>>> print(open('final-v9.txt').read())   # compact mmCIF, C-alpha atoms
# COMPACT_ATOMS: atom_id res chain seq x y z
CA MET A 1294 133.36 74.88 104.86
CA LYS A 1295 130.38 77.11 104.23
CA ASP A 1296 129.61 77.18 107.93
CA TYR A 1297 133.21 78.12 108.77
CA ILE A 1298 133.23 80.98 106.23
CA SER A 1299 129.99 82.46 107.55
CA ARG A 1300 131.27 82.40 111.13
CA SER A 1301 134.55 84.03 110.09
CA THR A 1302 132.71 86.78 108.23
CA ALA A 1303 130.52 87.50 111.24
CA LEU A 1304 133.59 87.67 113.52
CA ALA A 1305 135.36 90.08 111.17
CA ALA A 1306 132.31 92.36 111.07
CA PHE A 1307 132.10 92.31 114.87
CA LEU A 1308 135.78 93.27 115.28
CA LEU A 1309 135.40 96.08 112.73
CA ALA A 1310 132.42 97.48 114.63
CA ILE A 1311 134.47 97.52 117.85
CA LEU A 1312 137.33 99.30 116.08
CA LEU A 1313 135.04 101.98 114.64
CA THR A 1314 133.41 102.56 118.01
CA SER A 1315 136.78 102.99 119.73
CA CYS A 1316 137.75 105.65 117.17
CA ARG A 1317 134.73 107.86 118.01
CA THR A 1318 135.78 111.12 119.65
CA GLN A 1319 133.85 112.96 122.34
CA ASP A 1320 132.84 115.56 119.75
CA ASP A 1321 131.15 112.99 117.54
CA PRO A 1322 127.35 113.21 117.63
CA GLN A 1323 125.76 110.36 119.54
CA PRO A 1324 123.04 108.40 117.77
CA GLN A 1325 119.50 109.26 118.88
CA PRO A 1326 117.02 106.51 119.78
CA GLN A 1327 114.70 105.68 116.91
CA PRO A 1328 111.40 103.84 117.15
CA GLN A 1329 111.18 100.45 115.51
CA PRO A 1330 108.62 99.92 112.73
CA SER A 1331 106.23 98.45 115.32
CA SER A 1332 106.73 101.15 117.94
CA VAL A 1333 106.40 104.90 118.44
CA LEU A 1334 108.67 107.24 120.40
CA ILE A 1335 106.69 109.33 122.90
CA ASP A 1336 108.62 111.77 125.07
CA GLY A 1337 111.82 109.75 124.65
CA LYS A 1338 110.43 106.26 125.24
CA ALA A 1339 109.43 103.63 122.67
CA TYR A 1340 105.97 102.08 122.98
CA PRO A 1341 104.82 99.04 120.99
CA THR A 1342 102.04 99.66 118.48
CA VAL A 1343 99.42 97.53 116.79
CA THR A 1344 97.31 98.29 113.74
CA ILE A 1345 93.69 97.20 114.10
CA GLY A 1346 91.41 98.01 111.20
CA ASP A 1347 92.20 101.52 109.98
CA LEU A 1348 93.70 102.72 113.27
CA THR A 1349 97.12 102.24 114.84
CA TRP A 1350 97.19 102.09 118.65
CA THR A 1351 99.83 102.08 121.32
CA ALA A 1352 99.75 98.53 122.70
CA ALA A 1353 101.06 99.38 126.18
CA ASN A 1354 99.95 101.83 128.85
CA TYR A 1355 101.73 105.17 128.96
CA THR A 1356 104.44 105.56 131.63
CA GLY A 1357 105.74 109.06 130.94
CA LYS A 1358 106.21 112.09 133.17
CA GLY A 1359 103.68 112.88 135.85
CA GLY A 1360 100.97 110.55 137.01
CA VAL A 1361 101.32 108.00 139.77
CA ALA A 1362 102.42 104.37 139.77
CA TYR A 1363 100.31 101.41 140.81
CA ASN A 1364 102.05 101.45 144.18
CA THR A 1365 105.26 102.65 145.82
CA ASN A 1366 107.10 99.45 144.90
CA ASN A 1367 106.14 99.89 141.23
CA GLU A 1368 104.64 96.41 141.13
CA LYS A 1369 102.76 95.43 137.97
CA PRO A 1370 104.61 97.87 135.68
CA GLU A 1371 102.40 96.67 132.83
CA TYR A 1372 99.69 98.93 134.28
CA GLY A 1373 101.73 102.00 133.41
CA ARG A 1374 100.93 105.19 135.32
CA TYR A 1375 97.64 106.88 136.24
CA TYR A 1376 96.91 110.44 135.10
CA THR A 1377 94.40 113.20 135.74
CA TYR A 1378 92.60 114.59 132.71
CA GLU A 1379 94.77 117.74 132.76
CA GLU A 1380 97.93 115.64 132.85
CA ALA A 1381 96.64 113.45 130.02
CA LYS A 1382 95.98 116.44 127.77
CA ALA A 1383 99.53 117.75 128.37
CA VAL A 1384 101.36 114.64 127.06
CA PRO A 1385 103.59 115.67 124.09
CA LEU A 1386 102.67 113.41 121.18
CA PRO A 1387 104.42 112.89 117.83
CA ALA A 1388 102.79 114.20 114.67
CA GLY A 1389 99.68 112.25 113.76
CA TRP A 1390 99.17 110.75 117.20
CA ARG A 1391 96.32 111.81 119.51
CA MET A 1392 94.19 110.85 122.46
CA PRO A 1393 91.38 108.58 121.30
CA THR A 1394 87.75 109.61 120.94
CA ILE A 1395 84.75 107.57 122.04
CA GLU A 1396 84.20 106.70 118.37
CA ASP A 1397 87.77 105.41 118.09
CA TYR A 1398 87.17 103.01 120.96
CA LYS A 1399 83.82 101.91 119.57
CA LYS A 1400 85.42 101.28 116.19
CA LEU A 1401 88.17 99.27 117.92
CA ALA A 1402 85.61 97.08 119.67
CA GLN A 1403 83.40 96.70 116.60
CA SER A 1404 86.39 95.51 114.59
CA GLN A 1405 86.48 92.50 116.93
CA GLY A 1406 82.78 91.72 116.59
CA VAL A 1407 81.45 93.69 119.57
CA THR A 1408 77.93 95.12 119.16
CA PHE A 1409 76.64 98.24 120.97
CA THR A 1410 73.29 99.42 122.20
CA GLY A 1411 73.86 103.15 122.38
CA ASP A 1412 77.21 103.54 124.13
CA ARG A 1413 77.11 100.22 125.97
CA ALA A 1414 78.23 96.74 124.99
CA THR A 1415 76.93 94.29 127.58
CA ASN A 1416 77.99 90.67 128.10
CA GLN A 1417 80.11 90.68 124.96
CA ASP A 1418 82.36 87.65 124.61
CA ALA A 1419 84.22 89.37 121.76
CA LEU A 1420 85.69 91.90 124.23
CA LYS A 1421 88.05 89.15 125.36
CA LYS A 1422 89.98 89.84 122.15
CA LEU A 1423 90.94 93.28 123.48
CA VAL A 1424 92.08 92.34 126.97
CA SER A 1425 95.14 90.69 128.48
CA VAL A 1426 95.38 86.99 129.30
CA ILE A 1427 96.60 87.70 132.84
CA ASN A 1428 95.64 89.73 135.93
CA TRP A 1429 91.85 89.55 135.48
CA ARG A 1430 90.04 88.16 138.51
CA LYS A 1431 87.49 85.92 136.79
CA VAL A 1432 87.47 86.38 133.00
CA ALA A 1433 90.83 86.07 131.25
CA GLY A 1434 91.14 87.65 127.84
CA THR A 1435 92.69 86.22 124.70
CA ASN A 1436 94.33 89.45 123.43
CA ALA A 1437 93.64 88.21 119.90
CA SER A 1438 93.64 91.83 118.69
CA GLY A 1439 97.01 92.74 120.23
CA PHE A 1440 95.51 95.73 122.10
CA ASN A 1441 96.32 94.03 125.43
CA ALA A 1442 94.23 96.00 127.94
CA TYR A 1443 95.26 95.16 131.50
CA PRO A 1444 92.77 95.48 134.40
CA GLY A 1445 94.66 98.28 136.13
CA GLY A 1446 91.56 99.92 137.59
CA TYR A 1447 91.81 103.61 138.48
CA CYS A 1448 92.88 105.95 141.30
CA PHE A 1449 90.48 108.04 143.38
CA ARG A 1450 92.08 110.83 145.38
CA GLU A 1451 94.95 109.31 147.39
CA ALA A 1452 93.67 105.74 147.38
CA ALA A 1453 95.65 103.03 145.58
CA PRO A 1454 94.02 101.50 142.50
CA GLN A 1455 91.86 98.43 142.95
CA ASP A 1456 92.90 96.27 140.03
CA GLY A 1457 91.64 93.02 138.57
CA ASP A 1458 88.25 93.69 137.00
CA ILE A 1459 88.37 97.06 135.17
CA SER A 1460 90.50 98.50 132.39
CA GLU A 1461 89.80 102.22 131.94
CA TYR A 1462 91.34 104.88 129.67
CA TRP A 1463 90.91 108.59 129.06
CA THR A 1464 89.41 109.91 125.82
CA VAL A 1465 90.12 113.34 124.36
CA GLY A 1466 86.76 114.73 125.47
CA GLY A 1467 87.26 113.87 129.13
CA GLN A 1468 85.17 110.72 129.06
CA THR A 1469 86.68 107.35 129.87
CA MET A 1470 86.32 104.03 128.10
CA SER A 1471 85.84 101.20 130.58
CA ILE A 1472 86.09 97.46 129.94
CA MET A 1473 84.93 95.54 133.00
CA GLU A 1474 84.12 91.99 133.93
CA SER A 1475 80.43 91.23 133.65
CA ALA A 1476 78.50 90.26 136.77
CA ASN A 1477 77.87 86.84 135.22
CA GLY A 1478 81.60 86.07 135.46
CA LEU A 1479 81.69 84.89 131.84
CA ASN A 1480 82.57 87.88 129.65
CA HIS A 1481 82.99 91.67 129.66
CA ASN A 1482 81.09 94.95 129.26
CA MET A 1483 82.24 98.18 127.64
CA SER A 1484 80.89 101.54 128.79
CA PHE A 1485 81.79 105.23 128.63
CA TYR A 1486 81.74 107.63 131.59
CA ASP A 1487 82.03 111.41 131.78
CA ASN A 1488 84.98 112.27 134.04
CA SER A 1489 85.85 115.64 132.47
CA ASP A 1490 84.99 117.50 135.69
CA SER A 1491 86.51 114.97 138.09
CA PRO A 1492 90.08 116.07 138.94
CA GLU A 1493 90.22 113.58 141.83
CA TYR A 1494 90.25 110.62 139.43
CA ARG A 1495 93.24 109.19 137.59
CA PHE A 1496 93.13 106.70 134.69
CA ASN A 1497 95.52 104.98 132.31
CA LEU A 1498 96.40 106.29 128.85
CA ARG A 1499 96.61 104.90 125.30
CA PHE A 1500 97.13 106.83 122.07
CA VAL A 1501 96.01 106.35 118.47
CA LYS A 1502 96.59 107.57 114.94
CA ASN A 1503 94.93 106.95 111.61
CA LYS A 1504 96.58 104.13 109.69
>>> encode(input="final-v9.txt", output="structure tokens")
Amino acid sequence: MKDYISRSTALAAFLLAILLTSCRTQDDPQPQPQPQPSSVLIDGKAYPTVTIGDLTWTAANYTGKGGVAYNTNNEKPEYGRYYTYEEAKAVPLPAGWRMPTIEDYKKLAQSQGVTFTGDRATNQDALKKLVSVINWRKVAGTNASGFNAYPGGYCFREAAPQDGDISEYWTVGGQTMSIMESANGLNHNMSFYDNSDSPEYRFNLRFVKNK
């Protein structure tokens, strides 16, 4: 009996929702999309987020206006789109959100146990926690952090990206953060490169805000 009552109640609620929807006139305001608690709305699209330490990150590559796709068939949509530095700076972000700094990325890595010598982390097994479990050529990640960096590579001039061993993102200062497979084929490195004066390069984008 209890099961029958619960099913009947659910059916009644469903029919009421249909009735209310059918009564909406063309002048009624349409509901606007709202981000879920674990997502953020950027330029009309919801992106998943993950809080790691005292920072909240977008957990998927940006796919908004501008940029170029991985290829003309839009294969591997998880790579998002590739942007010049000028395009990256022009992305309209919600209040509190920003392009990451080098220090943001270092803090992200250190939260997973990565250690740096200067601005390099070499042969660091802990970097697997930041990268995806698929698409890497030799060293699969665990994505234990939820950051889920795919090895989308980057674009140079008109050439298509060479993916599989590098995940690289813009920072606010025009540098890029690069996670790449180590030459030993066992783990990853993290480095930072100055691409602020390199308009022929395109990289992926992530965004961050303070928790």
>>> residues_around(input="final-v9.txt", residues="Lys1431 of chain A", least_positions_apart="2", cutoff="7 Å", atoms="all atoms listed in the file", output="MDAnalysis selection string")
chainID A and resid 1429 1433 1478
>>> closest_residue(input="final-v9.txt", among="A:Ala1452, A:Leu1498, A:Leu1479, A:Val1333", to="Trp1390 of chain A", atoms="only C-alpha atoms")
A:Val1333
>>> atom_distance(input="final-v9.txt", atom1="atom CA of Met1473 of chain A", atom2="atom CA of Gln1417 of chain A")
10.6 Å
>>> atom_distance(input="final-v9.txt", atom1="atom CA of Gly1466 of chain A", atom2="atom CA of Ser1484 of chain A")
14.8 Å
>>> residues_around(input="final-v9.txt", residues="segment 1435-1442 of chain A", least_positions_apart="4", cutoff="10 Å", atoms="all atoms listed in the file", output="PyMOL selection string")
chain A and resi 1341-1346+1349-1354+1371-1372+1401-1402+1404-1405+1419-1427+1459-1462+1472+1499
>>> atom_distance(input="final-v9.txt", atom1="atom CA of Val1384 of chain A", atom2="atom CA of Val1465 of chain A")
11.6 Å
>>> closest_residue(input="final-v9.txt", among="A:Tyr1355, A:Phe1409, A:Ser1489, A:Asp1418", to="Tyr1378 of chain A", atoms="only C-alpha atoms")
A:Ser1489
>>> closest_residue(input="final-v9.txt", among="A:Thr1408, A:Asn1477, A:Thr1464, A:Asn1497", to="Tyr1443 of chain A", atoms="all atoms listed in the file")
A:Asn1497
>>> closest_residue(input="final-v9.txt", among="A:Lys1338, A:Lys1399, A:Arg1495, A:Lys1502", to="Asp1412 of chain A", atoms="all atoms listed in the file")
A:Lys1399
>>> residues_near_point(input="final-v9.txt", point="(104.3, 99.3, 138.3)", cutoff="12 Å", atoms="only C-alpha atoms", output="list of chain:residue names")
A:Asn1354, A:Tyr1355, A:Thr1356, A:Gly1360, A:Val1361, A:Ala1362, A:Tyr1363, A:Asn1364, A:Thr1365, A:Asn1366, A:Asn1367, A:Glu1368, A:Lys1369, A:Pro1370, A:Glu1371, A:Tyr1372, A:Gly1373, A:Arg1374, A:Tyr1375, A:Gly1445, A:Ala1453, A:Pro1454, A:Asp1456
>>> closest_residue(input="final-v9.txt", among="A:Gly1359, A:Met1392, A:Pro1387, A:Ile1335", to="Trp1463 of chain A", atoms="only C-alpha atoms")
A:Met1392
>>> closest_residue(input="final-v9.txt", among="A:Lys1358, A:Gln1455, A:Asp1336, A:Ser1471", to="Glu1380 of chain A", atoms="all atoms listed in the file")
A:Lys1358
>>> residues_near_point(input="final-v9.txt", point="(89.3, 112.9, 135.6)", cutoff="9 Å", atoms="only C-alpha atoms", output="list in words")
Tyr1376, Thr1377, Tyr1378, Glu1379, Trp1463, Gly1467, Gln1468, Thr1469, Asp1487, Asn1488, Ser1489, Asp1490, Ser1491, Pro1492, Glu1493, Tyr1494, Arg1495 and Phe1496 of chain A
>>> residues_around(input="final-v9.txt", residues="Ala1476 of chain A", least_positions_apart="4", cutoff="9 Å", atoms="all atoms listed in the file", output="PyMOL selection string")
chain A and resi 1416+1480-1481
>>> write_last_selection(input="final-v9.txt", atoms="C-alpha atoms", output="CSV table (one decimal), in the frame of the given file")
chain,number,residue,atom,x,y,z
A,1416,ASN,CA,78.0,90.7,128.1
A,1480,ASN,CA,82.6,87.9,129.6
A,1481,HIS,CA,83.0,91.7,129.7
>>> decode(input="final-v9.txt", residues="segment 1484-1502 of chain A", atoms="N, CA and C atoms", output="PDB file, in the first residue's frame")
ATOM      1  N   SER A1484      55.943  22.469 -15.614  1.00  0.00           N
ATOM      2  CA  SER A1484      56.807  23.612 -15.896  1.00  0.00           C
ATOM      3  C   SER A1484      55.951  24.800 -16.292  1.00  0.00           C
ATOM      4  N   PHE A1485      56.579  25.989 -16.302  1.00  0.00           N
ATOM      5  CA  PHE A1485      55.906  27.213 -16.716  1.00  0.00           C
ATOM      6  C   PHE A1485      56.721  27.871 -17.830  1.00  0.00           C
ATOM      7  N   TYR A1486      56.018  28.367 -18.854  1.00  0.00           N
ATOM      8  CA  TYR A1486      56.674  28.968 -20.014  1.00  0.00           C
ATOM      9  C   TYR A1486      56.079  30.343 -20.278  1.00  0.00           C
ATOM     10  N   ASP A1487      56.925  31.261 -20.730  1.00  0.00           N
ATOM     11  CA  ASP A1487      56.460  32.606 -21.048  1.00  0.00           C
ATOM     12  C   ASP A1487      56.016  32.653 -22.506  1.00  0.00           C
ATOM     13  N   ASN A1488      54.704  32.769 -22.718  1.00  0.00           N
ATOM     14  CA  ASN A1488      54.141  32.861 -24.062  1.00  0.00           C
ATOM     15  C   ASN A1488      53.392  34.178 -24.273  1.00  0.00           C
ATOM     16  N   SER A1489      53.691  35.181 -23.422  1.00  0.00           N
ATOM     17  CA  SER A1489      52.937  36.436 -23.475  1.00  0.00           C
ATOM     18  C   SER A1489      53.143  37.180 -24.795  1.00  0.00           C
ATOM     19  N   ASP A1490      54.267  36.955 -25.454  1.00  0.00           N
ATOM     20  CA  ASP A1490      54.556  37.642 -26.713  1.00  0.00           C
ATOM     21  C   ASP A1490      54.580  36.645 -27.869  1.00  0.00           C
ATOM     22  N   SER A1491      53.667  35.672 -27.812  1.00  0.00           N
ATOM     23  CA  SER A1491      53.638  34.617 -28.832  1.00  0.00           C
ATOM     24  C   SER A1491      52.221  34.458 -29.379  1.00  0.00           C
ATOM     25  N   PRO A1492      51.769  35.414 -30.206  1.00  0.00           N
ATOM     26  CA  PRO A1492      50.384  35.360 -30.700  1.00  0.00           C
ATOM     27  C   PRO A1492      50.102  34.176 -31.610  1.00  0.00           C
ATOM     28  N   GLU A1493      51.142  33.477 -32.073  1.00  0.00           N
ATOM     29  CA  GLU A1493      50.926  32.336 -32.963  1.00  0.00           C
ATOM     30  C   GLU A1493      50.583  31.058 -32.207  1.00  0.00           C
ATOM     31  N   TYR A1494      50.631  31.100 -30.887  1.00  0.00           N
ATOM     32  CA  TYR A1494      50.310  29.921 -30.076  1.00  0.00           C
ATOM     33  C   TYR A1494      48.898  30.018 -29.499  1.00  0.00           C
ATOM     34  N   ARG A1495      48.258  28.859 -29.378  1.00  0.00           N
ATOM     35  CA  ARG A1495      46.953  28.758 -28.736  1.00  0.00           C
ATOM     36  C   ARG A1495      46.994  27.631 -27.701  1.00  0.00           C
ATOM     37  N   PHE A1496      46.389  27.901 -26.529  1.00  0.00           N
ATOM     38  CA  PHE A1496      46.359  26.918 -25.450  1.00  0.00           C
ATOM     39  C   PHE A1496      44.952  26.809 -24.882  1.00  0.00           C
ATOM     40  N   ASN A1497      44.741  25.793 -24.065  1.00  0.00           N
ATOM     41  CA  ASN A1497      43.461  25.604 -23.386  1.00  0.00           C
ATOM     42  C   ASN A1497      43.320  26.569 -22.211  1.00  0.00           C
ATOM     43  N   LEU A1498      42.096  26.603 -21.653  1.00  0.00           N
ATOM     44  CA  LEU A1498      41.779  27.542 -20.580  1.00  0.00           C
ATOM     45  C   LEU A1498      41.056  26.860 -19.428  1.00  0.00           C
ATOM     46  N   ARG A1499      41.467  27.193 -18.207  1.00  0.00           N
ATOM     47  CA  ARG A1499      40.723  26.897 -16.979  1.00  0.00           C
ATOM     48  C   ARG A1499      40.618  28.196 -16.183  1.00  0.00           C
ATOM     49  N   PHE A1500      39.654  28.238 -15.251  1.00  0.00           N
ATOM     50  CA  PHE A1500      39.451  29.416 -14.426  1.00  0.00           C
ATOM     51  C   PHE A1500      39.378  29.015 -12.958  1.00  0.00           C
ATOM     52  N   VAL A1501      39.555  30.008 -12.079  1.00  0.00           N
ATOM     53  CA  VAL A1501      39.678  29.720 -10.648  1.00  0.00           C
ATOM     54  C   VAL A1501      39.058  30.868  -9.854  1.00  0.00           C
ATOM     55  N   LYS A1502      38.666  30.566  -8.628  1.00  0.00           N
ATOM     56  CA  LYS A1502      38.273  31.601  -7.684  1.00  0.00           C
ATOM     57  C   LYS A1502      38.676  31.132  -6.292  1.00  0.00           C
TER      58      LYS A1502
END
